[in-house]
Amino acid sequence: MRISDRAFDDIVGDEVTDRATYERQYRRPTWPGEESGATVGIGYDLGQTARSTIEADWRGRVPDDMLAAMVAVAGRTGQDGKDATAAIRHLVDVPWETAIAVHRDCVVPRWEATVRNALPNCDALHPHCFGALVSLTFNRGASFGRDGDRYTEMRAIKAAMAQRDFAAVPALIRAMKRIWKGKGLDGLLTRRDREAKLFEDGLAAQAAPAPKTPPIGGVS
């Protein structure tokens with residue numbers, strides 16, 4: 001995992017809030033709505049994930065009967081996903097430690113690869129900056145080349161990355177809040193602000209001079 005621990009914790013927080021909330025609301029499958037499928041762990045959408053990937057990610061981490069139930073709902077999204085969630089809810093119960101392990105070991109590295117494939121010069125970024133882009137892509141998809149007004153800032157981020165104009169990225173992340181303002185989606189507004197601040201903090205850390213190594217014996 002190349003993103004920073006702070007970025008990882010932010011993504012987990014955006015998906016499930018915290019451990020107590022996870023234990024109370026997300027240990028069993030949920031259906032987030034619209035085109036989602038049955039979702040387990042840290043925002044792991046079984047309906048949007050290939051059977052082979054579910055097998056690879058969860059085999060040995062959950063009992064075989066639970067894994068079979070999870071694999072059975074792969075590809076079922078929308079209303080069918082809602083029905084699938086109800087059908088397996090009593091069969092699937094993912095502990096916090098397992099959810100975190102799958103997210104850290106399997107999910108985040110896949111999204112890191114997705115961001116690297118979508119955007120140039122990612123390897124030049126501080127782990128905070130890269131983590132902010134992974135968080136953004138985890139939420140909005142790798143839509144940096146999509147047409148339409150909704151993706152104006154995503155396209156601009158790709159252009160800024162190509163030009164190595166990294167300082168332009170935080171403002172672009174904040175600018176896309178226009179899409180959700182006044183729609184009762186304040187969580188997304190907060191997430192964009194947090195991602196922008198994380199990127200800025202990464203830029204600041206990257207620009208900071210390295211601490212001087214004290215001379216041997218303390219003699220200058």
# chains A, B, ... in the order shown; residues from 1 in each chain; ligands from 1

call {"tool": "residues_around", "arguments": {"residues": "Leu136 in chain A", "least_positions_apart": "6", "cutoff": "12 Å", "atoms": "only C-alpha atoms", "output": "JSON, numbers by chain"}}
result
{"A": [7, 10, 11, 14, 111, 112, 114, 115, 129, 130, 142, 143, 144, 153, 154, 157, 169, 170, 172, 173, 174, 176, 177, 188, 189, 191, 192, 193, 194, 195, 196, 198, 199]}

call {"tool": "residues_around", "arguments": {"residues": "Ala99 in chain A", "least_positions_apart": "5", "cutoff": "7 Å", "atoms": "only C-alpha atoms", "output": "compact mmCIF listing (two decimals) with C-alpha atoms, in the first residue's frame"}}
result
# COMPACT_ATOMS: atom_id res chain seq x y z
CA GLY A 41 -16.70 -4.89 4.78
CA ILE A 42 -15.37 -1.41 3.99
CA VAL A 94 -17.69 -9.88 8.60

call {"tool": "select_by_dssp", "arguments": {"residues": "range 31-213 of chain A", "states": "helix (DSSP H, G or I)", "output": "NGL selection string"}}
result
:A and (46-48 or 51-58 or 64-72 or 78-88 or 96-118 or 122-124 or 127-140 or 149-162 or 166-179 or 186-207)

call {"tool": "write_last_selection", "arguments": {"atoms": "C-alpha atoms", "output": "short mmCIF file (atom, residue, chain, number, x, y, z; two decimals), in the first residue's frame"}}
result
data_model
loop_
_atom_site.label_atom_id
_atom_site.label_comp_id
_atom_site.auth_asym_id
_atom_site.auth_seq_id
_atom_site.Cartn_x
_atom_site.Cartn_y
_atom_site.Cartn_z
CA LEU A 46 -20.17 -7.73 -4.15
CA GLY A 47 -22.57 -6.92 -6.98
CA GLN A 48 -19.95 -4.84 -8.78
CA ARG A 51 -16.72 -13.82 -8.69
CA SER A 52 -13.02 -14.64 -9.13
CA THR A 53 -11.98 -11.45 -7.34
CA ILE A 54 -14.31 -12.12 -4.41
CA GLU A 55 -12.85 -15.62 -4.16
CA ALA A 56 -9.28 -14.33 -4.22
CA ASP A 57 -9.88 -11.55 -1.70
CA TRP A 58 -11.91 -13.46 0.87
CA ASP A 64 -16.42 -21.31 3.18
CA ASP A 65 -20.20 -21.16 3.55
CA MET A 66 -20.04 -17.41 4.05
CA LEU A 67 -17.79 -17.04 1.02
CA ALA A 68 -20.20 -19.12 -1.05
CA ALA A 69 -23.04 -16.74 -0.14
CA MET A 70 -20.91 -13.73 -1.07
CA VAL A 71 -19.88 -15.19 -4.42
CA ALA A 72 -23.49 -16.11 -5.20
CA GLY A 78 -29.89 -2.34 -8.53
CA GLN A 79 -33.20 -3.78 -7.32
CA ASP A 80 -31.77 -7.27 -7.86
CA GLY A 81 -28.88 -6.24 -5.62
CA LYS A 82 -31.32 -5.12 -2.95
CA ASP A 83 -33.05 -8.51 -3.10
CA ALA A 84 -29.68 -10.27 -3.00
CA THR A 85 -28.69 -8.32 0.11
CA ALA A 86 -31.82 -9.48 1.93
CA ALA A 87 -31.20 -13.07 0.83
CA ILE A 88 -27.67 -13.29 2.29
CA TRP A 96 -13.92 -5.55 11.77
CA GLU A 97 -10.41 -7.02 11.65
CA THR A 98 -11.25 -9.03 8.53
CA ALA A 99 -12.86 -6.06 6.82
CA ILE A 100 -9.82 -3.88 7.48
CA ALA A 101 -7.39 -6.59 6.31
CA VAL A 102 -9.19 -7.10 2.99
CA HIS A 103 -9.40 -3.36 2.45
CA ARG A 104 -5.69 -2.82 3.17
CA ASP A 105 -4.32 -5.91 1.41
CA CYS A 106 -6.64 -6.20 -1.59
CA VAL A 107 -8.96 -3.28 -2.24
CA VAL A 108 -6.66 -0.29 -1.77
CA PRO A 109 -3.80 -1.73 -3.87
CA ARG A 110 -6.27 -2.32 -6.73
CA TRP A 111 -7.44 1.28 -6.54
CA GLU A 112 -3.85 2.48 -6.38
CA ALA A 113 -3.19 0.64 -9.64
CA THR A 114 -6.36 2.15 -11.13
CA VAL A 115 -5.19 5.68 -10.28
CA ARG A 116 -1.70 5.03 -11.67
CA ASN A 117 -3.24 3.80 -14.92
CA ALA A 118 -5.58 6.78 -15.14
CA CYS A 122 1.60 9.57 -9.66
CA ASP A 123 4.97 8.25 -8.53
CA ALA A 124 6.15 11.84 -8.05
CA PRO A 127 1.76 9.44 -0.08
CA HIS A 128 -0.76 11.99 1.27
CA CYS A 129 -1.28 13.44 -2.23
CA PHE A 130 -1.55 10.03 -3.84
CA GLY A 131 -3.93 8.95 -1.08
CA ALA A 132 -6.19 11.93 -1.75
CA LEU A 133 -6.46 10.90 -5.41
CA VAL A 134 -7.12 7.28 -4.46
CA SER A 135 -9.91 8.43 -2.12
CA LEU A 136 -11.40 10.61 -4.85
CA THR A 137 -11.25 7.78 -7.40
CA PHE A 138 -12.65 5.24 -4.93
CA ASN A 139 -15.66 7.54 -4.61
CA ARG A 140 -16.08 8.82 -8.20
CA ASP A 149 -19.89 19.15 -17.21
CA ARG A 150 -20.07 16.74 -14.27
CA TYR A 151 -16.48 15.66 -14.97
CA THR A 152 -14.91 19.04 -15.75
CA GLU A 153 -12.70 19.02 -12.66
CA MET A 154 -11.75 15.36 -13.10
CA ARG A 155 -10.46 16.11 -16.61
CA ALA A 156 -8.65 19.18 -15.28
CA ILE A 157 -6.94 17.06 -12.61
CA LYS A 158 -5.63 14.74 -15.30
CA ALA A 159 -4.31 17.72 -17.27
CA ALA A 160 -2.65 19.18 -14.16
CA MET A 161 -1.02 15.84 -13.39
CA ALA A 162 0.29 15.60 -16.96
CA PHE A 166 0.40 19.42 -8.61
CA ALA A 167 -0.38 22.66 -6.76
CA ALA A 168 -3.51 23.09 -8.91
CA VAL A 169 -5.10 19.84 -7.75
CA PRO A 170 -6.53 20.82 -4.31
CA ALA A 171 -8.55 23.71 -5.76
CA LEU A 172 -9.94 21.41 -8.45
CA ILE A 173 -11.01 18.87 -5.82
CA ARG A 174 -12.81 21.61 -3.89
CA ALA A 175 -14.35 23.07 -7.04
CA MET A 176 -16.26 19.87 -7.80
CA LYS A 177 -18.35 20.36 -4.66
CA ARG A 178 -20.63 22.40 -6.94
CA ILE A 179 -22.08 19.08 -8.13
CA ASP A 186 -22.99 17.22 2.89
CA GLY A 187 -20.86 14.14 3.51
CA LEU A 188 -19.47 14.42 -0.02
CA LEU A 189 -18.70 18.11 0.48
CA THR A 190 -16.79 17.28 3.65
CA ARG A 191 -14.98 14.45 1.89
CA ARG A 192 -13.81 16.73 -0.94
CA ASP A 193 -12.53 19.31 1.58
CA ARG A 194 -10.68 16.60 3.49
CA GLU A 195 -9.12 15.21 0.29
CA ALA A 196 -8.01 18.69 -0.78
CA LYS A 197 -6.44 19.38 2.64
CA LEU A 198 -4.69 15.99 2.59
CA PHE A 199 -3.23 16.80 -0.83
CA GLU A 200 -2.09 20.23 0.40
CA ASP A 201 -0.46 18.71 3.46
CA GLY A 202 1.37 16.26 1.21
CA LEU A 203 2.66 19.10 -0.95
CA ALA A 204 3.84 20.95 2.16
CA ALA A 205 5.58 17.85 3.51
CA GLN A 206 7.27 17.27 0.16
CA ALA A 207 8.49 20.87 0.02
#

call {"tool": "select_by_dssp", "arguments": {"residues": "range 5-217 of chain A", "states": "strand (DSSP E)", "output": "PyMOL selection string"}}
result
chain A and resi 39-40+44-45

call {"tool": "atom_distance", "arguments": {"atom1": "CA of Arg6 in chain A", "atom2": "CA of Tyr44 in chain A"}}
result
20.0 Å

call {"tool": "closest_residue", "arguments": {"among": "A:Thr39, A:Pro95, A:Asp165, A:His90", "to": "Gly75 in chain A", "atoms": "only C-alpha atoms"}}
result
A:Thr39
